[in-house]
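Structure data (compact mmCIF, C-alpha atoms) from work12.txt:
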# COMPACT_ATOMS: atom_id res chain seq x y z
CA MET A 1 22.80 62.03 52.22
CA ARG A 2 21.26 64.82 50.14
CA THR A 3 17.56 65.44 49.71
CA SER A 4 15.96 67.31 46.80
CA LYS A 5 12.31 68.16 47.24
CA ILE A 6 9.77 68.57 44.47
CA ILE A 7 6.27 69.58 45.36
CA LEU A 8 3.61 68.65 42.88
CA GLY A 9 -0.11 68.26 42.66
CA VAL A 10 -2.63 66.21 40.77
CA GLY A 11 -5.81 67.87 41.97
CA ALA A 12 -4.15 68.34 45.37
CA ALA A 13 -0.52 69.03 46.24
CA LEU A 14 1.71 66.09 47.07
CA LEU A 15 5.23 66.05 48.46
CA LEU A 16 7.86 63.93 46.78
CA SER A 17 11.33 63.69 48.26
CA VAL A 18 14.13 62.25 46.17
CA VAL A 19 17.00 60.97 48.26
CA ALA A 20 20.36 60.05 46.78
CA PRO A 21 23.78 59.61 48.40
CA ALA A 22 26.40 62.29 48.29
CA THR A 23 29.13 60.89 46.11
CA VAL A 24 32.76 60.86 45.18
CA SER A 25 32.52 60.92 41.39
CA TYR A 26 35.45 58.84 40.19
CA ALA A 27 35.42 55.63 38.20
CA SER A 28 38.15 53.05 37.96
CA PRO A 29 39.81 52.59 34.58
CA GLY A 30 39.08 49.18 33.19
CA SER A 31 39.43 47.28 29.95
CA LEU A 32 36.69 49.32 28.28
CA GLY A 33 37.24 51.35 25.13
CA HIS A 34 40.43 53.19 24.30
CA ASP A 35 43.51 53.78 26.38
CA ALA A 36 43.47 56.53 29.00
CA GLY A 37 44.86 59.11 26.61
CA SER A 38 42.19 58.72 23.97
CA GLY A 39 39.96 61.68 23.30
CA HIS A 40 41.56 63.94 25.89
CA LYS A 41 40.70 67.59 25.34
CA GLY A 42 41.29 69.03 28.79
CA GLY A 43 44.93 70.07 28.63
CA ASP A 44 47.74 69.16 31.01
CA HIS A 45 46.62 66.77 33.75
CA HIS A 46 49.68 67.23 35.93
CA GLY A 47 48.91 67.99 39.54
CA ARG A 48 45.20 67.17 39.50
CA HIS A 49 43.24 67.68 42.68
CA GLY A 50 40.72 65.45 44.37
CA SER A 51 41.48 62.13 42.72
CA ASP A 52 41.01 59.00 44.73
CA HIS A 53 40.60 56.20 42.25
CA GLY A 54 41.44 56.86 38.61
CA ALA A 55 39.97 57.97 35.33
CA GLY A 56 36.25 58.34 34.74
CA VAL A 57 34.62 55.76 32.45
CA VAL A 58 31.56 56.49 30.30
CA SER A 59 29.44 53.72 28.83
CA ILE A 60 25.99 53.26 27.23
CA GLU A 61 22.70 51.87 28.47
CA SER A 62 19.27 51.52 26.89
CA SER A 63 16.61 53.88 28.22
CA PRO A 64 12.98 54.72 27.37
CA ASN A 65 14.50 57.54 25.27
CA GLY A 66 16.92 55.27 23.41
CA PRO A 67 20.59 54.56 24.14
CA VAL A 68 22.09 57.06 26.60
CA LEU A 69 25.36 57.70 28.42
CA VAL A 70 25.90 56.13 31.84
CA VAL A 71 28.76 55.55 34.23
CA GLY A 72 30.97 52.68 33.09
CA GLY A 73 33.76 50.64 34.62
CA ALA A 74 33.13 49.58 38.20
CA GLY A 75 31.04 52.68 38.86
CA ALA A 76 31.53 56.20 40.16
CA GLY A 77 31.89 57.53 43.66
CA PHE A 78 34.56 55.21 45.01
CA VAL A 79 34.36 54.83 48.78
CA PRO A 80 37.49 53.28 50.34
CA ALA A 81 37.12 50.35 52.70
CA THR A 82 37.02 50.93 56.44
CA THR A 83 37.45 48.54 59.33
CA THR A 84 33.72 47.85 59.22
CA THR A 85 32.70 48.24 55.54
CA PRO A 86 34.23 47.04 52.26
CA ALA A 87 35.16 49.40 49.44
CA ALA A 88 32.16 50.37 47.31
CA TYR A 89 30.79 52.75 44.67
CA ASN A 90 28.01 55.20 45.52
CA PHE A 91 26.98 55.26 41.85
CA PRO A 92 27.17 51.72 40.44
CA ALA A 93 27.96 51.11 36.79
CA GLY A 94 24.90 52.01 34.73
CA SER A 95 24.01 55.13 36.70
CA SER A 96 22.63 57.77 34.32
CA LEU A 97 24.61 60.80 33.19
CA TYR A 98 23.00 64.18 32.51
CA PHE A 99 23.88 67.59 31.13
CA ALA A 100 22.47 71.03 31.99
CA THR A 101 21.17 73.51 29.44
CA ILE A 102 22.53 76.38 31.58
CA ASP A 103 26.14 75.24 30.96
CA ARG A 104 27.80 76.72 27.91
CA SER A 105 29.76 74.36 25.70
CA THR A 106 33.42 73.81 26.49
CA ASN A 107 33.94 73.99 22.72
CA ASP A 108 33.43 77.77 23.09
CA LEU A 109 36.26 78.39 25.57
CA ASP A 110 38.15 80.79 23.28
CA GLY A 111 41.26 80.43 25.43
CA HIS A 112 39.52 81.50 28.63
CA SER A 113 39.03 79.47 31.82
CA TYR A 114 35.71 77.66 31.89
CA GLN A 115 32.75 79.07 33.79
CA ALA A 116 29.83 76.67 34.09
CA GLY A 117 26.27 77.79 34.66
CA CYS A 118 25.78 74.95 37.16
CA THR A 119 28.18 75.95 39.93
CA ALA A 120 29.28 74.99 43.40
CA VAL A 121 27.96 78.22 44.92
CA VAL A 122 25.38 77.38 47.58
CA ASP A 123 22.12 79.19 46.98
CA PRO A 124 20.77 80.50 50.31
CA THR A 125 17.16 80.04 49.20
CA ALA A 126 17.76 76.42 48.20
CA GLY A 127 20.23 75.50 50.93
CA PHE A 128 22.39 73.54 48.50
CA ALA A 129 24.41 73.97 45.31
CA CYS A 130 23.69 73.00 41.72
CA THR A 131 26.90 70.98 41.84
CA GLY A 132 30.03 70.90 43.96
CA SER A 133 32.54 68.63 45.54
CA PRO A 134 31.26 65.11 44.94
CA VAL A 135 31.48 64.40 48.66
CA ALA A 136 29.57 67.54 49.68
CA ASP A 137 26.08 67.04 51.09
CA THR A 138 25.08 70.31 49.44
CA SER A 139 25.57 68.98 45.88
CA ASP A 140 22.25 68.63 44.05
CA TRP A 141 23.77 67.21 40.83
CA PRO A 142 27.27 65.85 41.63
CA ALA A 143 29.78 66.34 38.83
CA LEU A 144 31.30 63.29 37.16
CA THR A 145 34.95 64.08 37.83
CA THR A 146 38.10 62.31 36.71
CA ASP A 147 41.79 61.86 37.44
CA GLY A 148 43.33 61.49 34.01
CA PRO A 149 41.70 61.53 30.59
CA PRO A 150 38.31 59.80 30.73
CA VAL A 151 37.83 56.39 29.15
CA ALA A 152 35.29 55.62 26.42
CA GLY A 153 33.34 52.40 26.89
CA PRO A 154 31.89 50.38 23.99
CA GLY A 155 29.75 52.56 21.72
CA VAL A 156 31.00 55.81 23.25
CA SER A 157 32.84 58.14 20.88
CA TRP A 158 36.30 58.87 22.26
CA ARG A 159 36.41 61.83 19.90
CA LEU A 160 33.49 63.43 21.78
CA LEU A 161 34.77 62.47 25.23
CA GLY A 162 36.91 64.99 27.10
CA ASP A 163 37.22 66.91 30.33
CA VAL A 164 37.46 70.48 31.56
CA TYR A 165 39.09 72.00 34.62
CA ARG A 166 36.52 73.39 37.04
CA ALA A 167 38.15 75.99 39.27
CA ASP A 168 35.05 76.06 41.49
CA LEU A 169 35.38 72.30 42.04
CA GLY A 170 39.18 72.19 42.13
CA THR A 171 39.27 69.25 39.74
CA PHE A 172 38.41 68.07 36.21
CA GLN A 173 34.89 67.24 35.09
CA VAL A 174 34.14 64.74 32.32
CA THR A 175 32.56 66.26 29.20
CA TYR A 176 30.87 64.81 26.15
CA ALA A 177 30.41 66.81 22.95
CA GLY A 178 31.48 69.82 25.01
CA HIS A 179 28.85 69.31 27.75
CA PRO A 180 29.95 68.70 31.38
CA LEU A 181 28.32 65.53 32.74
CA TYR A 182 26.50 65.15 36.05
CA LEU A 183 25.07 62.40 38.25
CA PHE A 184 21.70 62.32 39.97
CA ASP A 185 20.07 58.92 40.43
CA ALA A 186 22.15 55.91 41.45
CA GLY A 187 22.02 52.51 39.77
CA PRO A 188 21.14 51.17 36.31
CA ASN A 189 17.71 51.58 34.72
CA SER A 190 16.93 54.72 36.70
CA PHE A 191 16.26 57.81 34.59
CA PHE A 192 14.41 59.94 37.12
CA GLY A 193 16.41 63.05 36.22
CA ALA A 194 15.39 62.97 32.55
CA ASN A 195 13.77 66.23 31.34
CA TYR A 196 14.06 67.60 34.86
CA LEU A 197 13.22 71.31 35.00
CA GLU A 198 14.63 73.52 37.76
CA THR A 199 13.92 77.21 37.22
CA VAL A 200 13.31 79.53 40.18
CA ALA A 201 12.29 79.15 43.81
CA PRO A 202 10.37 77.32 45.21
CA LEU A 203 11.99 74.90 42.74
CA PRO A 204 15.78 74.58 42.95
CA PRO A 205 16.74 77.86 41.22
CA TRP A 206 19.26 76.57 38.70
CA ASN A 207 17.54 78.11 35.63
CA THR A 208 18.04 74.92 33.66
CA ALA A 209 16.62 71.75 32.19
CA TRP A 210 18.46 68.45 32.60
CA TYR A 211 18.63 65.91 29.80
CA LEU A 212 20.01 62.46 29.21
CA MET A 213 22.61 62.37 26.43
CA ALA A 214 22.65 60.11 23.39
CA PRO A 215 25.94 58.60 22.10
CA SER A 216 25.75 61.15 19.27
CA GLY A 217 26.35 63.94 21.80
CA LEU A 218 22.80 65.29 21.44
CA ALA A 219 20.07 65.43 24.05
CA ALA A 220 17.89 62.34 24.43
CA PRO A 221 14.58 63.87 25.61
CA GLY A 222 12.30 61.29 24.03
CA ALA A 223 9.17 62.38 22.18
CA ALA A 224 7.97 65.82 23.25
CA ASN A 225 4.34 66.15 24.28
CA LEU A 226 2.34 69.36 23.80
CA GLU A 227 -0.79 70.05 25.85
CA LEU A 228 -3.17 72.84 26.78
CA GLU A 229 -2.47 74.99 29.81
CA ALA A 230 -5.47 76.75 31.34
CA PRO A 231 -5.24 80.25 32.82
CA THR A 232 -5.47 80.78 36.57
CA ALA A 233 -5.29 83.76 38.90
CA GLN A 234 -1.49 83.39 38.83
CA THR A 235 -0.92 83.38 35.08
CA THR A 236 0.03 86.25 32.78
CA TYR A 237 -2.45 85.01 30.15
CA THR A 238 -6.24 84.89 30.21
CA SER A 239 -7.00 82.12 27.72
CA ALA A 240 -5.55 78.65 27.21
CA VAL A 241 -1.99 78.45 25.84
CA VAL A 242 0.32 75.73 24.61
CA ALA A 243 2.54 73.96 27.15
CA ALA A 244 5.15 71.21 27.00
CA GLU A 245 5.39 68.26 29.34
CA MET A 246 8.48 68.19 31.57
CA LEU A 247 9.45 66.17 34.66
CA PRO A 248 7.99 62.91 33.30
CA GLY A 249 9.64 60.88 36.05
CA VAL A 250 7.92 62.84 38.81
CA ALA A 251 4.37 61.74 38.02
CA PRO A 252 2.41 60.26 35.11
CA GLY A 253 1.86 63.03 32.59
CA GLY A 254 4.63 65.14 34.08
CA ALA A 255 4.25 68.88 34.60
CA ALA A 256 2.78 71.32 32.08
CA VAL A 257 5.23 74.16 31.38
CA THR A 258 4.38 77.24 29.32
CA VAL A 259 6.11 77.47 25.94
CA TYR A 260 6.95 80.59 23.94
CA SER A 261 7.55 81.70 20.38
CA PHE A 262 10.24 84.27 19.48
CA SER A 263 9.60 87.17 17.13
CA GLY A 264 13.27 87.13 16.13
CA ASP A 265 12.81 83.73 14.48
CA SER A 266 11.90 83.13 10.87
CA PRO A 267 9.22 80.54 10.00
CA TRP A 268 10.71 77.08 10.57
CA LYS A 269 14.06 78.65 11.55
CA SER A 270 15.38 79.31 15.06
CA ARG A 271 17.66 82.30 15.57
CA CYS A 272 17.89 81.75 19.32
CA ASN A 273 21.28 80.13 19.97
CA ARG A 274 24.02 80.08 22.61
CA SER A 275 23.19 82.57 25.41
CA CYS A 276 19.66 83.02 24.03
CA ALA A 277 19.08 79.25 24.10
CA ARG A 278 20.37 79.07 27.67
CA ASP A 279 17.83 81.72 28.70
CA PHE A 280 14.97 80.41 26.54
CA MET A 281 15.58 76.68 26.13
CA PRO A 282 14.39 75.02 22.91
CA VAL A 283 11.62 72.44 23.32
CA LEU A 284 13.54 69.38 22.18
CA THR A 285 12.33 66.04 20.90
CA SER A 286 14.00 62.83 19.82
CA GLY A 287 10.92 61.40 18.19
CA PRO A 288 7.69 62.60 16.56
CA PRO A 289 5.97 64.94 19.06
CA THR A 290 2.66 63.89 20.56
CA VAL A 291 -0.29 66.11 21.52
CA THR A 292 -3.25 66.05 23.87
CA ALA A 293 -6.80 67.27 23.25
CA GLY A 294 -7.04 70.88 22.19
CA ILE A 295 -3.71 70.99 20.36
CA ASN A 296 -3.85 71.00 16.55
CA ALA A 297 -1.71 68.02 15.60
CA LEU A 298 -1.40 69.33 12.04
CA GLY A 299 0.27 72.47 13.39
CA VAL A 300 3.06 70.53 15.13
CA GLY A 301 6.39 70.16 13.36
CA VAL A 302 10.09 69.62 13.97
CA ILE A 303 13.15 71.53 12.75
CA GLU A 304 16.82 70.73 13.04
CA ARG A 305 18.84 73.23 15.04
CA HIS A 306 22.38 74.33 14.27
CA ASP A 307 23.79 71.70 16.65
CA GLY A 308 21.81 68.85 15.06
CA SER A 309 19.16 68.61 17.79
CA ASN A 310 15.46 68.58 16.91
CA GLN A 311 13.22 71.42 18.08
CA VAL A 312 9.42 71.33 18.19
CA THR A 313 7.47 73.95 16.25
CA TYR A 314 3.83 75.01 16.31
CA ASN A 315 2.33 76.60 13.22
CA GLY A 316 5.89 77.10 12.01
CA HIS A 317 7.10 78.83 15.18
CA PRO A 318 10.01 77.18 17.07
CA LEU A 319 9.04 76.67 20.73
CA TYR A 320 10.98 77.55 23.88
CA ILE A 321 10.80 77.14 27.67
CA TYR A 322 11.85 80.04 29.88
CA SER A 323 14.78 79.21 32.17
CA GLN A 324 13.25 81.40 34.90
CA GLU A 325 9.71 80.13 34.52
CA GLN A 326 7.71 80.54 37.72
CA PRO A 327 5.80 77.37 38.64
CA ALA A 328 2.19 77.63 39.67
CA VAL A 329 1.90 77.18 43.43
CA ASP A 330 -0.73 76.03 45.86
CA GLY A 331 -2.02 77.91 48.90
CA MET A 332 1.10 76.90 50.83
CA GLY A 333 3.45 78.28 48.17
CA ASN A 334 4.42 74.83 46.90
CA PRO A 335 4.77 74.10 43.15
CA ILE A 336 1.90 72.13 41.67
CA LEU A 337 1.53 70.07 38.54
CA ALA A 338 -1.28 72.31 37.26
CA GLY A 339 1.06 74.47 35.20
CA SER A 340 3.31 77.51 35.26
CA VAL A 341 2.76 81.25 35.39
CA GLY A 342 3.98 82.29 31.95
CA ASN A 343 6.26 85.03 33.31
CA GLY A 344 8.41 84.87 30.18
CA ASN A 345 5.53 86.38 28.21
CA GLY A 346 6.46 89.72 26.65
CA ILE A 347 10.17 89.59 27.50
CA GLN A 348 12.21 91.54 24.95
CA ALA A 349 15.73 90.17 24.51
CA PHE A 350 18.14 88.91 21.86
CA GLY A 351 16.58 91.10 19.18
CA GLY A 352 12.97 90.01 19.60
CA THR A 353 10.04 89.35 21.93
CA PHE A 354 9.02 86.05 23.52
CA SER A 355 5.28 85.39 23.64
CA VAL A 356 2.95 82.65 24.84
CA VAL A 357 1.48 80.51 22.06
CA SER A 358 -2.25 80.20 21.40
CA PRO A 359 -3.53 76.75 20.43
Kindly return the structure encoded in the file as structure tokens.
Amino acid sequence: MRTSKIILGVGAALLLSVVAPATVSYASPGSLGHDAGSGHKGGDHHGRHGSDHGAGVVSIESSPNGPVLVVGGAGAGFVPATTTTPAAYNFPAGSSLYFATIDRSTNDLDGHSYQAGCTAVVDPTAGFACTGSPVADTSDWPALTTDGPPVAGPGVSWRLLGDVYRADLGTFQVTYAGHPLYLFDAGPNSFFGANYLETVAPLPPWNTAWYLMAPSGLAAPGAANLELEAPTAQTTYTSAVVAAEMLPGVAPGGAAVTVYSFSGDSPWKSRCNRSCARDFMPVLTSGPPTVTAGINALGVGVIERHDGSNQVTYNGHPLYIYSQEQPAVDGMGNPILAGSVGNGNGIQAFGGTFSVVSP
């Protein structure tokens, strides 16, 4: 078993432990979609490592954020039968699939071997890895791996489905629209990992946000919500600033996270892409953004980014979340729901300066 801990507070700090089984991330090929060769983009599959049950299958399920990718076929994480237990799947069909903003697209390989941002290297401060061998107890987000070209279930675009060899995993990981796919919560109708933010300790220090993926290959974050974030003794700012809601599955209302504007942008135009967007992640939305009291609703807008995703703006400024945002902590050093520190404020990078946003 693996245990990921999130500490949060609504007035007072609470401890929430999320427990999910360590998994073997393989799915049996079935009658779904195209034949096993369809949509393969990963190169020669001869001599693959780690396979125990066939090609990965990707399907679609309805979620609060619209249709999203899930494990198809019989499921993922095949566990062979023993003398006492029948064969089973740790992640049944319908288990949600996620992608990490820290990973660069496999469409940008340029002939080089792939290096993911979410790796199998165990972080000593966290005690576990962002990903890793699907059977390793240290894997926080097990990779959806495959033996053979992955299979597209109904509604899944085989043209967007592919795989990439992960040298750190010693096997191939399923990709969609160039994004490696990961598992987190087991079973259908569970979307706990949606809009999950993991930045720096005491959070798991993966410097990323996790999103569900729509069949189009774009993030499925649902409607973004902007709210006020009040200053505290820990913050870099002294008056209220704009924040975005993340971690909606953790508690009602989620966690307020400081957002930033970028001086390198033009009005209604983001110039923060690729490595910049991995460091300062765009505030995404897949519906009209909502606001809470204190936010000028007339100042909220949406622009289309170069990849087709929708980014929230405020008074014409595209908004971002810092991938190394420090969460606010309680007296015990545990993250709380009250907000974040705003430590991205004033950072100069990528030809401009990132700044907190006044309401």
Neighbours of Lys269 (chain A) within 12 Å (only C-alpha atoms; same-chain residues fewer than 4 positions away dropped), as a VMD selection string?
chain A and resid 261 to 265 273 282 301 to 306 310 to 314 316 to 319
Export of the given selection (C-alpha atoms) as a short mmCIF file (atom, residue, chain, number, x, y, z; two decimals), in the coordinates of the input:
data_model
loop_
_atom_site.label_atom_id
_atom_site.label_comp_id
_atom_site.auth_asym_id
_atom_site.auth_seq_id
_atom_site.Cartn_x
_atom_site.Cartn_y
_atom_site.Cartn_z
CA SER A 261 7.55 81.70 20.38
CA PHE A 262 10.24 84.27 19.48
CA SER A 263 9.60 87.17 17.13
CA GLY A 264 13.27 87.13 16.13
CA ASP A 265 12.81 83.73 14.48
CA ASN A 273 21.28 80.13 19.97
CA PRO A 282 14.39 75.02 22.91
CA GLY A 301 6.39 70.16 13.36
CA VAL A 302 10.09 69.62 13.97
CA ILE A 303 13.15 71.53 12.75
CA GLU A 304 16.82 70.73 13.04
CA ARG A 305 18.84 73.23 15.04
CA HIS A 306 22.38 74.33 14.27
CA ASN A 310 15.46 68.58 16.91
CA GLN A 311 13.22 71.42 18.08
CA VAL A 312 9.42 71.33 18.19
CA THR A 313 7.47 73.95 16.25
CA TYR A 314 3.83 75.01 16.31
CA GLY A 316 5.89 77.10 12.01
CA HIS A 317 7.10 78.83 15.18
CA PRO A 318 10.01 77.18 17.07
CA LEU A 319 9.04 76.67 20.73
#
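Candidate residues A:Gly344, A:Gly222, A:Pro204, A:Pro335 were compared for distance to Gly127 (chain A), and the nearest is A:Pro204, using all atoms listed in the file.
All residues of protein, DNA or RNA that reach within 9 Å of region 60-69 of chain A, judged by only C-alpha atoms and not counting those fewer than 3 positions away in the chain, are Gly72, Gly94, Ser95, Ser96, Leu97, Tyr98, Gly153, Pro154, Gly155, Val156, Pro188, Asn189, Ser190, Phe191, Leu212, Met213, Ala214, Pro215, Ala219, Ala220, Pro221, Gly222, Ala223, Ser286 and Gly287 of chain A.
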Using CA of Phe280 (chain A) and CA of Asp163 (chain A) as the two end points, give the distance in Å to one decimal.
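CA of Asp163 (chain A) lies at a distance of 26.3 Å from CA of Phe280 (chain A).
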Given only C-alpha atoms as the counted atoms, nearest of A:Asp103, A:Gly217, A:Pro202, A:Leu183 to Trp158 (chain A)
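Once distances to Trp158 (chain A) are computed over only C-alpha atoms, the minimum belongs to A:Gly217.
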Considering all atoms listed in the file, return as a PyMOL selection string whatever protein or nucleic-acid residues lie within 10 Å of Glu198 (chain A), sequence-local ones (same chain, fewer than 3 positions apart) excluded.
chain A and resi 6+130+195+201-210+247+323-327
Could you write out the selected residues, including C-alpha atoms, as a PDB file, in the coordinates of the input?
ATOM      1  CA  ILE A   6       9.770  68.570  44.470  1.00  0.00           C
ATOM      2  CA  CYS A 130      23.690  73.000  41.720  1.00  0.00           C
ATOM      3  CA  ASN A 195      13.770  66.230  31.340  1.00  0.00           C
ATOM      4  CA  ALA A 201      12.290  79.150  43.810  1.00  0.00           C
ATOM      5  CA  PRO A 202      10.370  77.320  45.210  1.00  0.00           C
ATOM      6  CA  LEU A 203      11.990  74.900  42.740  1.00  0.00           C
ATOM      7  CA  PRO A 204      15.780  74.580  42.950  1.00  0.00           C
ATOM      8  CA  PRO A 205      16.740  77.860  41.220  1.00  0.00           C
ATOM      9  CA  TRP A 206      19.260  76.570  38.700  1.00  0.00           C
ATOM     10  CA  ASN A 207      17.540  78.110  35.630  1.00  0.00           C
ATOM     11  CA  THR A 208      18.040  74.920  33.660  1.00  0.00           C
ATOM     12  CA  ALA A 209      16.620  71.750  32.190  1.00  0.00           C
ATOM     13  CA  TRP A 210      18.460  68.450  32.600  1.00  0.00           C
ATOM     14  CA  LEU A 247       9.450  66.170  34.660  1.00  0.00           C
ATOM     15  CA  SER A 323      14.780  79.210  32.170  1.00  0.00           C
ATOM     16  CA  GLN A 324      13.250  81.400  34.900  1.00  0.00           C
ATOM     17  CA  GLU A 325       9.710  80.130  34.520  1.00  0.00           C
ATOM     18  CA  GLN A 326       7.710  80.540  37.720  1.00  0.00           C
ATOM     19  CA  PRO A 327       5.800  77.370  38.640  1.00  0.00           C
TER      20      PRO A 327
END
Export region 219-234 of chain A of the preceding structure, keeping N, CA and C atoms, as a short mmCIF file (atom, residue, chain, number, x, y, z; two decimals), in the first residue's frame.
data_model
loop_
_atom_site.label_atom_id
_atom_site.label_comp_id
_atom_site.auth_asym_id
_atom_site.auth_seq_id
_atom_site.Cartn_x
_atom_site.Cartn_y
_atom_site.Cartn_z
N ALA A 219 -6.54 19.50 -21.17
CA ALA A 219 -6.90 19.34 -19.77
C ALA A 219 -8.40 19.51 -19.58
N ALA A 220 -8.92 18.81 -18.57
CA ALA A 220 -10.34 18.93 -18.21
C ALA A 220 -10.42 19.39 -16.76
N PRO A 221 -10.11 20.69 -16.51
CA PRO A 221 -10.08 21.18 -15.13
C PRO A 221 -11.44 21.59 -14.57
N GLY A 222 -12.46 21.63 -15.43
CA GLY A 222 -13.73 22.19 -14.99
C GLY A 222 -13.65 23.70 -14.97
N ALA A 223 -14.66 24.34 -14.42
CA ALA A 223 -14.69 25.81 -14.37
C ALA A 223 -13.77 26.31 -13.27
N ALA A 224 -12.83 27.18 -13.64
CA ALA A 224 -11.94 27.77 -12.64
C ALA A 224 -12.72 28.68 -11.71
N ASN A 225 -12.25 28.80 -10.47
CA ASN A 225 -12.88 29.70 -9.51
C ASN A 225 -11.82 30.62 -8.93
N LEU A 226 -12.04 31.94 -9.04
CA LEU A 226 -11.14 32.93 -8.47
C LEU A 226 -11.71 33.44 -7.16
N GLU A 227 -10.82 33.67 -6.18
CA GLU A 227 -11.25 34.14 -4.88
C GLU A 227 -10.20 35.07 -4.29
N LEU A 228 -10.55 35.75 -3.22
CA LEU A 228 -9.60 36.61 -2.53
C LEU A 228 -8.72 35.79 -1.60
N GLU A 229 -7.46 36.21 -1.49
CA GLU A 229 -6.54 35.58 -0.56
C GLU A 229 -5.99 36.67 0.35
N ALA A 230 -6.22 36.52 1.65
CA ALA A 230 -5.84 37.56 2.61
C ALA A 230 -4.38 37.40 3.02
N PRO A 231 -3.70 38.49 3.29
CA PRO A 231 -2.30 38.40 3.74
C PRO A 231 -2.20 37.86 5.16
N THR A 232 -1.10 37.21 5.44
CA THR A 232 -0.80 36.72 6.79
C THR A 232 0.67 37.04 7.07
N ALA A 233 1.13 36.62 8.23
CA ALA A 233 2.53 36.85 8.58
C ALA A 233 3.48 36.10 7.66
N GLN A 234 2.96 35.07 6.96
CA GLN A 234 3.81 34.25 6.10
C GLN A 234 3.90 34.77 4.66
#
